[in-house]
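Asker: This is final_5.txt, which holds compact mmCIF, C-alpha atoms:
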```
# COMPACT_ATOMS: atom_id res chain seq x y z
CA MET A 1 -2.19 54.80 -68.67
CA SER A 2 1.18 55.80 -67.23
CA CYS A 3 2.20 54.49 -63.81
CA PRO A 4 0.20 56.11 -60.98
CA ASP A 5 1.97 57.98 -58.17
CA LEU A 6 1.89 56.78 -54.57
CA THR A 7 -0.93 59.10 -53.52
CA GLN A 8 -3.11 57.54 -56.21
CA ILE A 9 -2.13 54.06 -55.05
CA TYR A 10 -3.10 54.94 -51.47
CA ALA A 11 -6.33 56.56 -52.67
CA TYR A 12 -7.08 53.31 -54.55
CA LEU A 13 -6.40 51.20 -51.43
CA ASP A 14 -8.43 53.60 -49.26
CA GLY A 15 -11.35 53.15 -51.67
CA GLU A 16 -11.32 56.87 -52.41
CA LEU A 17 -10.56 56.73 -56.12
CA PRO A 18 -13.46 57.58 -58.46
CA ALA A 19 -14.86 54.50 -60.25
CA GLU A 20 -13.45 55.52 -63.64
CA ASP A 21 -9.92 56.07 -62.29
CA ARG A 22 -10.13 52.85 -60.28
CA LEU A 23 -11.00 50.79 -63.38
CA ARG A 24 -8.20 52.46 -65.34
CA LEU A 25 -5.72 51.71 -62.56
CA GLU A 26 -6.87 48.09 -62.32
CA GLU A 27 -6.40 47.68 -66.06
CA HIS A 28 -2.91 49.15 -65.69
CA LEU A 29 -2.08 46.74 -62.86
CA GLU A 30 -2.78 43.79 -65.14
CA THR A 31 0.07 44.84 -67.39
CA CYS A 32 2.55 46.55 -64.99
CA CYS A 33 4.46 44.19 -62.72
CA ARG A 34 6.15 46.99 -60.77
CA CYS A 35 2.89 48.74 -59.88
CA ARG A 36 1.37 45.38 -58.90
CA GLN A 37 4.18 44.90 -56.43
CA LEU A 38 3.77 48.44 -55.07
CA VAL A 39 0.07 47.90 -54.55
CA ALA A 40 0.64 44.49 -52.90
CA ASP A 41 3.24 46.01 -50.55
CA ARG A 42 1.06 48.96 -49.56
CA ARG A 43 -1.99 46.75 -49.15
CA LEU A 44 -0.13 44.46 -46.74
CA PHE A 45 1.25 47.48 -44.91
CA LEU A 46 -2.20 49.06 -44.52
CA GLU A 47 -3.76 45.78 -43.42
CA ALA A 48 -1.04 45.34 -40.81
CA SER A 49 -1.40 48.97 -39.66
CA SER A 50 -5.15 48.61 -39.17
CA SER A 51 -4.80 45.28 -37.34
CA LEU A 52 -2.55 46.38 -34.49
CA SER A 53 -3.69 44.78 -31.27
CA LYS A 54 -5.96 46.55 -28.79
CA LEU A 55 -4.37 47.60 -25.52
CA ASP A 56 -5.69 45.87 -22.40
CA LEU A 57 -8.05 47.97 -20.34
CA PRO A 58 -8.65 47.09 -16.68
CA PRO A 59 -12.01 45.28 -16.43
CA ASP A 60 -13.47 47.80 -13.95
CA PHE A 61 -12.45 50.88 -15.91
CA SER A 62 -15.94 52.17 -16.73
CA GLY A 63 -16.85 51.86 -13.03
CA ARG A 64 -13.80 53.93 -12.14
CA VAL A 65 -14.85 56.61 -14.62
CA MET A 66 -18.45 56.65 -13.39
CA ALA A 67 -17.35 56.92 -9.75
CA GLY A 68 -15.36 60.06 -10.53
CA LEU A 69 -18.03 61.92 -12.52
CA PRO A 70 -18.65 65.50 -11.41
CA PRO A 71 -22.22 66.80 -10.90
CA LEU A 72 -23.94 67.39 -14.22
CA LYS A 73 -24.12 71.00 -15.32
CA SER A 74 -27.45 71.97 -16.80
CA PRO A 75 -27.53 74.26 -19.80
CA VAL A 76 -28.09 77.79 -18.47
CA ARG A 77 -29.69 79.96 -21.09
CA LEU A 78 -28.91 83.64 -21.50
CA TRP A 79 -32.58 84.65 -21.47
CA LEU A 80 -32.97 83.00 -18.07
CA TRP A 81 -30.18 85.21 -16.68
CA LEU A 82 -31.70 88.32 -18.29
CA ALA A 83 -35.20 87.53 -16.99
CA GLY A 84 -33.77 86.85 -13.52
CA GLY A 85 -31.80 90.12 -13.58
CA ALA A 86 -34.82 92.16 -14.71
CA TYR A 87 -37.00 90.56 -12.04
CA LEU A 88 -34.42 91.32 -9.34
CA LEU A 89 -34.11 94.94 -10.46
CA PHE A 90 -37.88 95.37 -10.51
CA SER A 91 -38.21 93.81 -7.06
CA LEU A 92 -35.56 96.18 -5.66
CA MET A 93 -37.33 99.18 -7.13
CA VAL A 94 -40.72 98.14 -5.76
CA ALA A 95 -39.11 97.44 -2.39
CA GLY A 96 -37.45 100.87 -2.47
CA LEU A 97 -40.78 102.56 -3.18
CA ALA A 98 -42.64 100.47 -0.64
CA LEU A 99 -40.20 101.42 2.11
CA GLY A 100 -41.44 104.98 1.87
CA THR A 101 -40.04 108.42 1.39
CA ARG A 102 -37.48 108.19 4.18
CA THR A 103 -35.20 105.69 2.50
CA ALA A 104 -32.41 106.87 0.23
CA LEU A 105 -33.59 104.48 -2.51
CA PHE A 106 -36.98 106.19 -2.93
CA PRO A 107 -35.95 109.10 -5.21
CA VAL A 108 -33.74 106.80 -7.32
CA CYS A 109 -36.53 104.25 -7.82
CA LEU A 110 -39.05 106.99 -8.54
CA GLN A 111 -36.74 108.45 -11.20
CA ILE A 112 -36.23 105.00 -12.79
CA PHE A 113 -40.01 104.46 -12.91
CA LYS A 114 -40.46 107.92 -14.47
CA ASN A 115 -37.83 107.13 -17.08
CA ILE A 116 -39.41 103.77 -17.89
CA PHE A 117 -42.81 105.47 -18.21
CA ASN A 118 -41.36 108.14 -20.53
CA LEU A 119 -39.65 105.48 -22.64
CA ALA A 120 -42.91 103.52 -22.99
CA ALA A 121 -44.78 106.73 -23.91
CA ASP A 122 -42.17 107.63 -26.55
CA LEU A 123 -42.31 104.14 -28.04
CA SER A 124 -46.12 104.31 -28.22
CA ASN A 125 -45.90 107.69 -29.97
CA LEU A 126 -43.42 106.30 -32.45
CA ILE A 127 -45.64 103.33 -33.24
CA ILE A 128 -48.72 105.59 -33.67
CA ARG A 129 -46.75 107.88 -36.04
CA LEU A 130 -45.61 104.88 -38.09
CA ILE A 131 -49.21 103.63 -38.39
CA GLN A 132 -50.37 107.12 -39.43
CA GLN A 133 -47.66 107.33 -42.10
CA ALA A 134 -48.54 103.88 -43.44
CA TYR A 135 -52.22 104.91 -43.62
CA GLY A 136 -51.24 108.12 -45.51
CA PHE A 137 -49.18 106.07 -47.98
CA ILE A 138 -52.11 103.72 -48.66
CA LYS A 139 -54.39 106.74 -49.14
CA ALA A 140 -51.93 108.24 -51.67
CA LEU A 141 -51.86 104.94 -53.57
CA ARG A 142 -55.66 104.90 -53.73
CA ILE A 143 -55.71 108.47 -55.15
CA LEU A 144 -53.07 107.53 -57.72
CA ALA A 145 -55.08 104.47 -58.77
CA GLY A 146 -58.19 106.69 -59.15
CA VAL A 147 -56.32 109.19 -61.35
CA MET A 148 -54.96 106.35 -63.54
CA THR A 149 -58.45 104.90 -63.98
CA ARG A 150 -59.86 108.28 -65.01
CA LEU A 151 -57.03 108.81 -67.48
CA LEU A 152 -57.66 105.38 -69.01
CA ALA A 153 -61.40 106.13 -69.22
CA ASP A 154 -60.56 109.34 -71.16
CA VAL A 155 -58.33 107.53 -73.65
CA PHE A 156 -60.67 104.61 -74.21
CA PRO A 157 -64.44 104.99 -74.43
CA SER A 158 -66.11 103.45 -71.38
CA GLY A 159 -67.71 100.71 -73.52
CA SER A 160 -64.32 99.47 -74.69
CA LEU A 161 -62.77 99.06 -71.19
CA GLY A 162 -63.84 95.42 -71.28
CA LEU A 163 -62.05 95.08 -74.62
CA VAL A 164 -58.87 96.60 -73.14
CA ALA A 165 -59.02 94.13 -70.27
CA LEU A 166 -59.49 91.29 -72.78
CA VAL A 167 -56.46 92.41 -74.83
CA LEU A 168 -54.29 92.75 -71.72
CA GLY A 169 -55.41 89.30 -70.54
CA GLY A 170 -54.55 87.82 -73.94
CA VAL A 171 -51.06 89.40 -73.92
CA MET A 172 -50.40 88.07 -70.42
CA SER A 173 -51.59 84.57 -71.38
CA LEU A 174 -49.30 84.56 -74.43
CA ALA A 175 -46.40 85.68 -72.23
CA LEU A 176 -47.16 82.87 -69.81
CA ILE A 177 -47.31 80.27 -72.60
CA TRP A 178 -43.99 81.54 -73.98
CA MET A 179 -42.41 81.29 -70.51
CA LEU A 180 -43.52 77.67 -70.22
CA LEU A 181 -42.57 76.57 -73.74
CA ARG A 182 -39.41 78.63 -74.28
CA PRO A 183 -36.34 76.66 -75.39
CA THR A 184 -34.05 75.69 -72.52
CA ASN A 185 -31.06 74.37 -74.50
CA TYR A 186 -29.34 77.53 -75.52
CA PRO A 187 -26.29 77.23 -77.81
CA THR A 188 -23.11 77.47 -75.72
CA GLY A 189 -20.75 78.18 -78.57
CA GLU A 190 -18.80 74.94 -77.98
CA LYS A 191 -18.01 72.87 -81.01
CA LYS A 192 -19.17 69.30 -80.93
CA MET B 193 -31.55 65.10 -38.63
CA VAL B 194 -32.36 61.64 -37.26
CA PRO B 195 -30.57 61.27 -33.93
CA ASP B 196 -28.19 58.29 -33.85
CA GLU B 197 -27.58 56.11 -30.81
CA ASP B 198 -24.90 58.43 -29.39
CA ARG B 199 -27.07 61.54 -29.63
CA ILE B 200 -29.95 59.73 -27.91
CA LEU B 201 -27.59 58.66 -25.12
CA VAL B 202 -26.30 62.22 -24.76
CA ARG B 203 -29.87 63.54 -24.47
CA ARG B 204 -30.67 60.95 -21.81
CA SER B 205 -27.43 61.77 -19.96
CA LEU B 206 -28.35 65.45 -19.95
CA LYS B 207 -31.63 64.55 -18.29
CA GLY B 208 -29.62 62.96 -15.49
CA ASP B 209 -29.60 59.33 -16.68
CA ARG B 210 -26.12 58.17 -15.60
CA SER B 211 -26.58 54.70 -17.07
CA ALA B 212 -26.85 56.34 -20.52
CA PHE B 213 -23.49 58.02 -20.03
CA GLU B 214 -22.03 54.74 -18.80
CA LEU B 215 -23.02 53.19 -22.14
CA LEU B 216 -21.09 55.95 -23.90
CA VAL B 217 -18.09 55.29 -21.64
CA LYS B 218 -18.20 51.56 -22.44
CA LYS B 219 -18.42 52.28 -26.16
CA TYR B 220 -15.52 54.75 -26.34
CA GLN B 221 -13.15 53.68 -23.54
CA GLN B 222 -11.25 51.18 -25.70
CA PRO B 223 -10.79 53.49 -28.75
CA LEU B 224 -9.65 56.32 -26.47
CA PHE B 225 -7.27 54.09 -24.55
CA ASN B 226 -5.79 52.76 -27.81
CA TYR B 227 -5.34 56.36 -28.98
CA PHE B 228 -3.58 57.53 -25.82
CA GLY B 229 -1.66 54.28 -25.45
CA ARG B 230 -0.01 54.74 -28.86
CA LEU B 231 0.61 58.45 -28.40
CA VAL B 232 1.64 58.73 -24.75
CA GLN B 233 3.16 55.25 -24.47
CA GLU B 234 2.78 55.09 -20.69
CA ARG B 235 0.01 52.79 -19.53
CA GLU B 236 -0.98 54.56 -16.30
CA LEU B 237 -0.88 57.99 -17.91
CA SER B 238 -2.99 56.70 -20.82
CA LEU B 239 -5.57 55.38 -18.36
CA ASP B 240 -5.61 58.72 -16.54
CA PHE B 241 -6.04 60.63 -19.78
CA THR B 242 -8.83 58.33 -20.94
CA GLN B 243 -10.65 58.90 -17.67
CA GLU B 244 -10.04 62.65 -17.85
CA VAL B 245 -11.58 62.85 -21.32
CA PHE B 246 -14.80 61.32 -20.01
CA LEU B 247 -14.82 63.63 -16.99
CA LYS B 248 -14.31 66.69 -19.18
CA ALA B 249 -16.92 65.47 -21.65
CA TYR B 250 -19.47 64.92 -18.87
CA ALA B 251 -18.82 68.34 -17.35
CA ALA B 252 -19.21 69.98 -20.77
CA LEU B 253 -22.01 67.76 -22.09
CA HIS B 254 -24.46 70.69 -22.18
CA THR B 255 -22.18 72.42 -24.71
CA TYR B 256 -22.24 69.45 -27.14
CA LYS B 257 -24.03 70.37 -30.37
CA GLU B 258 -25.87 67.62 -32.18
CA LYS B 259 -24.71 68.80 -35.59
CA TYR B 260 -21.35 67.20 -34.72
CA GLN B 261 -20.74 63.49 -34.28
CA PHE B 262 -20.28 62.62 -30.63
CA SER B 263 -17.18 60.54 -31.46
CA THR B 264 -15.39 63.46 -33.15
CA TRP B 265 -16.40 65.81 -30.32
CA LEU B 266 -14.98 63.34 -27.78
CA PHE B 267 -11.73 62.87 -29.71
CA ARG B 268 -11.37 66.63 -30.05
CA ILE B 269 -11.30 66.81 -26.25
CA ALA B 270 -8.74 63.96 -26.26
CA SER B 271 -6.58 65.68 -28.85
CA ASN B 272 -6.57 68.97 -26.91
CA LEU B 273 -5.59 67.09 -23.76
CA LEU B 274 -2.73 65.45 -25.63
CA ILE B 275 -1.48 68.74 -27.06
CA ASP B 276 -1.46 70.23 -23.55
CA HIS B 277 0.51 67.21 -22.34
CA TRP B 278 3.07 67.55 -25.13
CA ARG B 279 3.39 71.28 -24.41
CA LYS B 280 4.01 70.61 -20.73
CA LYS B 281 6.61 68.00 -21.60
CA LYS B 282 8.05 70.60 -23.99
CA LEU B 283 8.21 68.15 -26.83
CA PRO B 284 9.28 69.80 -30.07
CA LEU B 285 5.88 70.06 -31.71
CA VAL B 286 6.10 70.15 -35.48
CA SER B 287 3.47 72.47 -36.89
CA ILE B 288 0.91 70.33 -38.62
CA ASP B 289 0.36 73.05 -41.22
CA ALA B 290 4.04 73.31 -42.08
CA GLU B 291 5.30 72.18 -45.45
CA PRO B 292 6.65 68.63 -45.49
CA GLU B 293 10.35 68.16 -45.05
CA ASP B 294 12.40 67.45 -48.10
CA ASP B 295 12.65 63.73 -47.60
CA GLU B 296 12.93 61.52 -50.61
CA HIS B 297 10.92 58.79 -48.88
CA LEU B 298 7.93 61.08 -48.47
CA GLN B 299 7.55 62.13 -52.08
CA PRO B 300 4.49 60.80 -53.88
CA GLN B 301 6.45 60.02 -57.05
CA LEU B 302 6.81 56.38 -57.87
CA PRO B 303 10.19 55.00 -56.76
CA ASP B 304 12.28 53.43 -59.51
CA LEU B 305 13.00 50.25 -57.62
CA GLU B 306 12.26 49.29 -54.05
CA PRO B 307 12.64 46.03 -52.19
CA SER B 308 9.37 44.17 -51.88
CA VAL B 309 8.20 44.38 -48.29
CA SER B 310 5.41 41.90 -48.91
CA ASP B 311 7.98 39.28 -49.97
CA ASN B 312 10.09 39.74 -46.85
CA TYR B 313 7.46 40.14 -44.13
CA GLU B 314 4.51 38.18 -42.87
CA LYS B 315 1.59 40.31 -41.72
CA LYS B 316 2.10 39.45 -38.04
CA GLU B 317 5.80 40.27 -38.20
CA MET B 318 4.99 43.54 -39.94
CA MET B 319 2.46 44.43 -37.23
CA GLU B 320 5.10 43.95 -34.54
CA TRP B 321 7.54 46.07 -36.42
CA ILE B 322 5.06 48.86 -37.14
CA GLU B 323 4.27 48.94 -33.42
CA GLN B 324 7.98 49.51 -32.68
CA ALA B 325 8.54 52.05 -35.45
CA LEU B 326 5.42 53.99 -34.45
CA SER B 327 7.14 55.24 -31.28
CA GLN B 328 9.78 56.96 -33.43
CA LEU B 329 7.29 58.67 -35.73
CA PRO B 330 6.97 62.45 -35.02
CA GLU B 331 4.01 63.05 -32.67
CA THR B 332 1.85 65.13 -34.96
CA LEU B 333 2.11 62.59 -37.79
CA ARG B 334 1.66 59.73 -35.34
CA GLU B 335 -1.58 61.20 -34.04
CA LEU B 336 -3.12 61.36 -37.52
CA PHE B 337 -1.86 57.85 -38.35
CA VAL B 338 -3.41 56.48 -35.14
CA LEU B 339 -6.73 58.27 -35.73
CA ARG B 340 -6.84 56.83 -39.25
CA HIS B 341 -5.65 53.27 -38.66
CA MET B 342 -6.38 52.46 -35.03
CA ASN B 343 -9.52 54.52 -34.54
CA ASP B 344 -10.83 54.01 -38.08
CA PHE B 345 -11.81 57.63 -38.60
CA SER B 346 -12.35 58.87 -42.14
CA TYR B 347 -10.18 61.70 -43.47
CA GLU B 348 -13.17 64.04 -43.12
CA GLU B 349 -13.70 63.06 -39.47
CA ILE B 350 -10.00 63.55 -38.68
CA ALA B 351 -10.16 66.97 -40.34
CA ASP B 352 -13.12 67.76 -38.09
CA ILE B 353 -11.29 66.60 -34.95
CA LYS B 354 -8.10 68.48 -35.75
CA HIS B 355 -9.68 71.55 -37.40
CA LEU B 356 -7.58 70.99 -40.50
CA PRO B 357 -8.39 70.92 -44.21
CA VAL B 358 -9.05 67.40 -45.52
CA GLY B 359 -6.20 67.76 -48.04
CA THR B 360 -3.71 68.49 -45.24
CA VAL B 361 -4.90 65.43 -43.31
CA LYS B 362 -4.52 63.20 -46.38
CA ASN B 363 -1.04 64.57 -46.99
CA ARG B 364 0.05 64.00 -43.38
CA VAL B 365 -1.35 60.48 -43.24
CA PHE B 366 0.47 59.76 -46.50
CA GLN B 367 3.71 61.08 -44.98
CA ALA B 368 3.24 58.97 -41.85
CA ARG B 369 2.59 55.82 -43.88
CA GLU B 370 5.59 56.31 -46.12
CA TRP B 371 7.81 57.25 -43.18
CA LEU B 372 6.92 54.01 -41.38
CA ARG B 373 7.17 51.96 -44.55
CA SER B 374 10.60 53.37 -45.37
CA ARG B 375 11.81 52.28 -41.91
CA LEU B 376 10.44 48.84 -42.65
CA GLU B 377 12.45 48.73 -45.85
CA GLU B 378 15.65 49.88 -44.16
CA ARG B 379 15.48 47.11 -41.63
```
Starting from the file, lay out its structure as structure tokens.
Answerer:
Amino acid sequence: MSCPDLTQIYAYLDGELPAEDRLRLEEHLETCCRCRQLVADRRLFLEASSSLSKLDLPPDFSGRVMAGLPPLKSPVRLWLWLAGGAYLLFSLMVAGLALGTRTALFPVCLQIFKNIFNLAADLSNLIIRLIQQAYGFIKALRILAGVMTRLLADVFPSGSLGLVALVLGGVMSLALIWMLLRPTNYPTGEKK
Amino acid sequence: MVPDEDRILVRRSLKGDRSAFELLVKKYQQPLFNYFGRLVQERELSLDFTQEVFLKAYAALHTYKEKYQFSTWLFRIASNLLIDHWRKKKLPLVSIDAEPEDDEHLQPQLPDLEPSVSDNYEKKEMMEWIEQALSQLPETLRELFVLRHMNDFSYEEIADIKHLPVGTVKNRVFQAREWLRSRLEER
């Protein structure tokens, strides 16, 4: 092994070198005096760097911090704001309606209620249409399946339908066995 | 994810248990003070900053996400505070993403011959000298060196605190180490 560079020496001292590289470097250190000295120097330097003294904190420091703490903020969720806003709006509309026809808010609130009602009606219509379309699709599938069955019955005599099912079952079983036992070590083209 | 001690204390603090937050303060006050002490180098200001980090953390505790370590979240607040301080002091901030300067001491290649530091220094003497030389190290490199050696953060944790790629952090810590070591040699 040629002499390692300084980043490798630091990686070795940080314990970040892969095991194989570490062993190779240690073998190298046994024979290379210069690298041994570099490692010894950096090791001492790192030990000294990590051993610098702690700075003195005043003994009552945590008390000082705790005395100055602001009131704790609670997590305010977005849905809480939305729900609050919707409730407020609804309350205003109900209040507007309840105050009677003389207030200026009445026609506005009435219009909003009408719009909400129309929106709900439209959404219901949409959902009913979607359900109807899904039902039609299922019906079409059933008709298609019926046609396929009749076609099969024409091709094969009715007595041999059981045989057809048996053959299909056999083919599927063979396919399943092949899937389970198929070779997994495909040749990669690399020479050994 | 199994909640560690810090996450449990944060949960209790969020429920209004102040003694839980006090435990967090007692755990992290010394590491934070060491961090600011080495980077600001004014005792009273370092104390103020340490206190401010806890105040900011407490006020923003509801925004803490448990997928992060509490220690890295706390030091991210500290680092942002420090950057603001340096900006206000108008210190020439070297971009941490910039390419390293062309300094022969900072190259990773093996030097041909260098005086043995371990022969000339005892560990205690070296510690004193590193402490002195640290004040001359450029701030951005000093911060990463302090996080690595005084706060014992891993490269990955420092990358998380500073929002930097791990490779950049390793490179900068390497530069800081070799910069300090070269000053040790020149002495």
Asker: Counting only C-alpha atoms, what is within 12 Å of region 226-230 of chain B, bar same-chain residues fewer than 6 positions away, as a count of residues only?
Answerer: 48
Asker: Sorted by chain and rising residue number, which residues of chain A lie within 6 Å of chain B, and what are their closest atom pairs and distances in Å to one decimal, counting all atoms listed in the file, as a tab-separated table?
Answerer:
```
residue	atom	partner	partner_atom	distance
A:Asp5	CA	B:Gln301	CA	5.0
A:Leu6	CA	B:Pro300	CA	4.8
A:Thr7	CA	B:Pro300	CA	5.7
A:Asp41	CA	B:Ser310	CA	4.9
A:Ala48	CA	B:Met319	CA	5.1
A:Ser50	CA	B:His341	CA	4.7
A:Leu55	CA	B:Asn226	CA	5.8
A:Val65	CA	B:Gln243	CA	5.7
A:Leu69	CA	B:Leu247	CA	5.8
A:Pro75	CA	B:His254	CA	5.3
```
Asker: Figure out the distance between CA of Arg34 (chain A) and CA of Ala11 (chain A), please, to one decimal in Å.
Answerer: 17.7 Å
Asker: Can you pull out the residues contacting region 82-93 of chain A? Cut-off 12 Å, using all atoms listed in the file, and skip same-chain residues under 4 positions away; I want them as a list in words.
Answerer: Val76, Arg77, Leu78, Leu97, Ala98, Leu99, Gly100, Thr103, Ala104, Leu105, Phe106, Pro107, Val108, Cys109, Leu110, Gln111, Ile112, Phe113, Lys114 and Ile116 of chain A
Asker: Between CA of Ser263 (chain B) and CA of Leu356 (chain B), what distance in Å does the model show, to one decimal?
Answerer: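 Taking CA of Ser263 (chain B) and CA of Leu356 (chain B), their separation equals 16.8 Å.
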Asker: For CA of Pro70 (chain A) and CA of Glu197 (chain B), determine how far apart the two atoms are, in Å to one decimal place.
Answerer: 23.3 Å
Asker: Determine, counting all atoms listed in the file, which protein, DNA and RNA residues have an atom within 8 Å of an atom of Gln8 (chain A); residues of the same chain fewer than 4 positions away are not included. Present the result as a list in words.
Answerer: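 My reading of the contact set: Pro4, Tyr12 and Leu17 of chain A.
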Asker: Supply region 198-215 of chain B as a PDB file, keeping the file's coordinate frame, with N, CA and C atoms built in where the input has gaps.
Answerer:
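Saved the output as out.pdb:
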```pdb
ATOM      1  N   ASP B 198     -25.695  57.575 -30.273  1.00  0.00           N
ATOM      2  CA  ASP B 198     -24.900  58.430 -29.390  1.00  0.00           C
ATOM      3  C   ASP B 198     -25.680  59.670 -28.975  1.00  0.00           C
ATOM      4  N   ARG B 199     -26.342  60.297 -29.936  1.00  0.00           N
ATOM      5  CA  ARG B 199     -27.070  61.540 -29.630  1.00  0.00           C
ATOM      6  C   ARG B 199     -28.214  61.260 -28.664  1.00  0.00           C
ATOM      7  N   ILE B 200     -28.862  60.105 -28.836  1.00  0.00           N
ATOM      8  CA  ILE B 200     -29.950  59.730 -27.910  1.00  0.00           C
ATOM      9  C   ILE B 200     -29.379  59.551 -26.501  1.00  0.00           C
ATOM     10  N   LEU B 201     -28.218  58.884 -26.431  1.00  0.00           N
ATOM     11  CA  LEU B 201     -27.590  58.660 -25.120  1.00  0.00           C
ATOM     12  C   LEU B 201     -27.164  59.981 -24.474  1.00  0.00           C
ATOM     13  N   VAL B 202     -26.689  60.909 -25.297  1.00  0.00           N
ATOM     14  CA  VAL B 202     -26.300  62.220 -24.760  1.00  0.00           C
ATOM     15  C   VAL B 202     -27.533  62.930 -24.193  1.00  0.00           C
ATOM     16  N   ARG B 203     -28.629  62.885 -24.948  1.00  0.00           N
ATOM     17  CA  ARG B 203     -29.870  63.540 -24.470  1.00  0.00           C
ATOM     18  C   ARG B 203     -30.316  62.948 -23.139  1.00  0.00           C
ATOM     19  N   ARG B 204     -30.258  61.610 -23.064  1.00  0.00           N
ATOM     20  CA  ARG B 204     -30.670  60.950 -21.810  1.00  0.00           C
ATOM     21  C   ARG B 204     -29.723  61.319 -20.673  1.00  0.00           C
ATOM     22  N   SER B 205     -28.416  61.398 -20.992  1.00  0.00           N
ATOM     23  CA  SER B 205     -27.430  61.770 -19.960  1.00  0.00           C
ATOM     24  C   SER B 205     -27.713  63.168 -19.437  1.00  0.00           C
ATOM     25  N   LEU B 206     -28.069  64.066 -20.361  1.00  0.00           N
ATOM     26  CA  LEU B 206     -28.350  65.450 -19.950  1.00  0.00           C
ATOM     27  C   LEU B 206     -29.572  65.555 -19.052  1.00  0.00           C
ATOM     28  N   LYS B 207     -30.448  64.559 -19.170  1.00  0.00           N
ATOM     29  CA  LYS B 207     -31.630  64.550 -18.290  1.00  0.00           C
ATOM     30  C   LYS B 207     -31.310  63.897 -16.944  1.00  0.00           C
ATOM     31  N   GLY B 208     -30.039  63.508 -16.781  1.00  0.00           N
ATOM     32  CA  GLY B 208     -29.620  62.960 -15.490  1.00  0.00           C
ATOM     33  C   GLY B 208     -29.513  61.444 -15.465  1.00  0.00           C
ATOM     34  N   ASP B 209     -29.673  60.790 -16.618  1.00  0.00           N
ATOM     35  CA  ASP B 209     -29.600  59.330 -16.680  1.00  0.00           C
ATOM     36  C   ASP B 209     -28.119  58.903 -16.766  1.00  0.00           C
ATOM     37  N   ARG B 210     -27.553  58.521 -15.637  1.00  0.00           N
ATOM     38  CA  ARG B 210     -26.120  58.170 -15.600  1.00  0.00           C
ATOM     39  C   ARG B 210     -25.825  56.871 -16.334  1.00  0.00           C
ATOM     40  N   SER B 211     -26.814  55.971 -16.371  1.00  0.00           N
ATOM     41  CA  SER B 211     -26.580  54.700 -17.070  1.00  0.00           C
ATOM     42  C   SER B 211     -26.387  54.940 -18.576  1.00  0.00           C
ATOM     43  N   ALA B 212     -27.027  56.005 -19.102  1.00  0.00           N
ATOM     44  CA  ALA B 212     -26.850  56.340 -20.520  1.00  0.00           C
ATOM     45  C   ALA B 212     -25.416  56.774 -20.775  1.00  0.00           C
ATOM     46  N   PHE B 213     -24.876  57.586 -19.850  1.00  0.00           N
ATOM     47  CA  PHE B 213     -23.490  58.020 -20.030  1.00  0.00           C
ATOM     48  C   PHE B 213     -22.531  56.843 -19.853  1.00  0.00           C
ATOM     49  N   GLU B 214     -22.890  55.921 -18.994  1.00  0.00           N
ATOM     50  CA  GLU B 214     -22.030  54.740 -18.800  1.00  0.00           C
ATOM     51  C   GLU B 214     -21.945  53.929 -20.101  1.00  0.00           C
ATOM     52  N   LEU B 215     -23.048  53.883 -20.846  1.00  0.00           N
ATOM     53  CA  LEU B 215     -23.020  53.190 -22.140  1.00  0.00           C
ATOM     54  C   LEU B 215     -22.052  53.878 -23.107  1.00  0.00           C
TER      55      LEU B 215
END
```
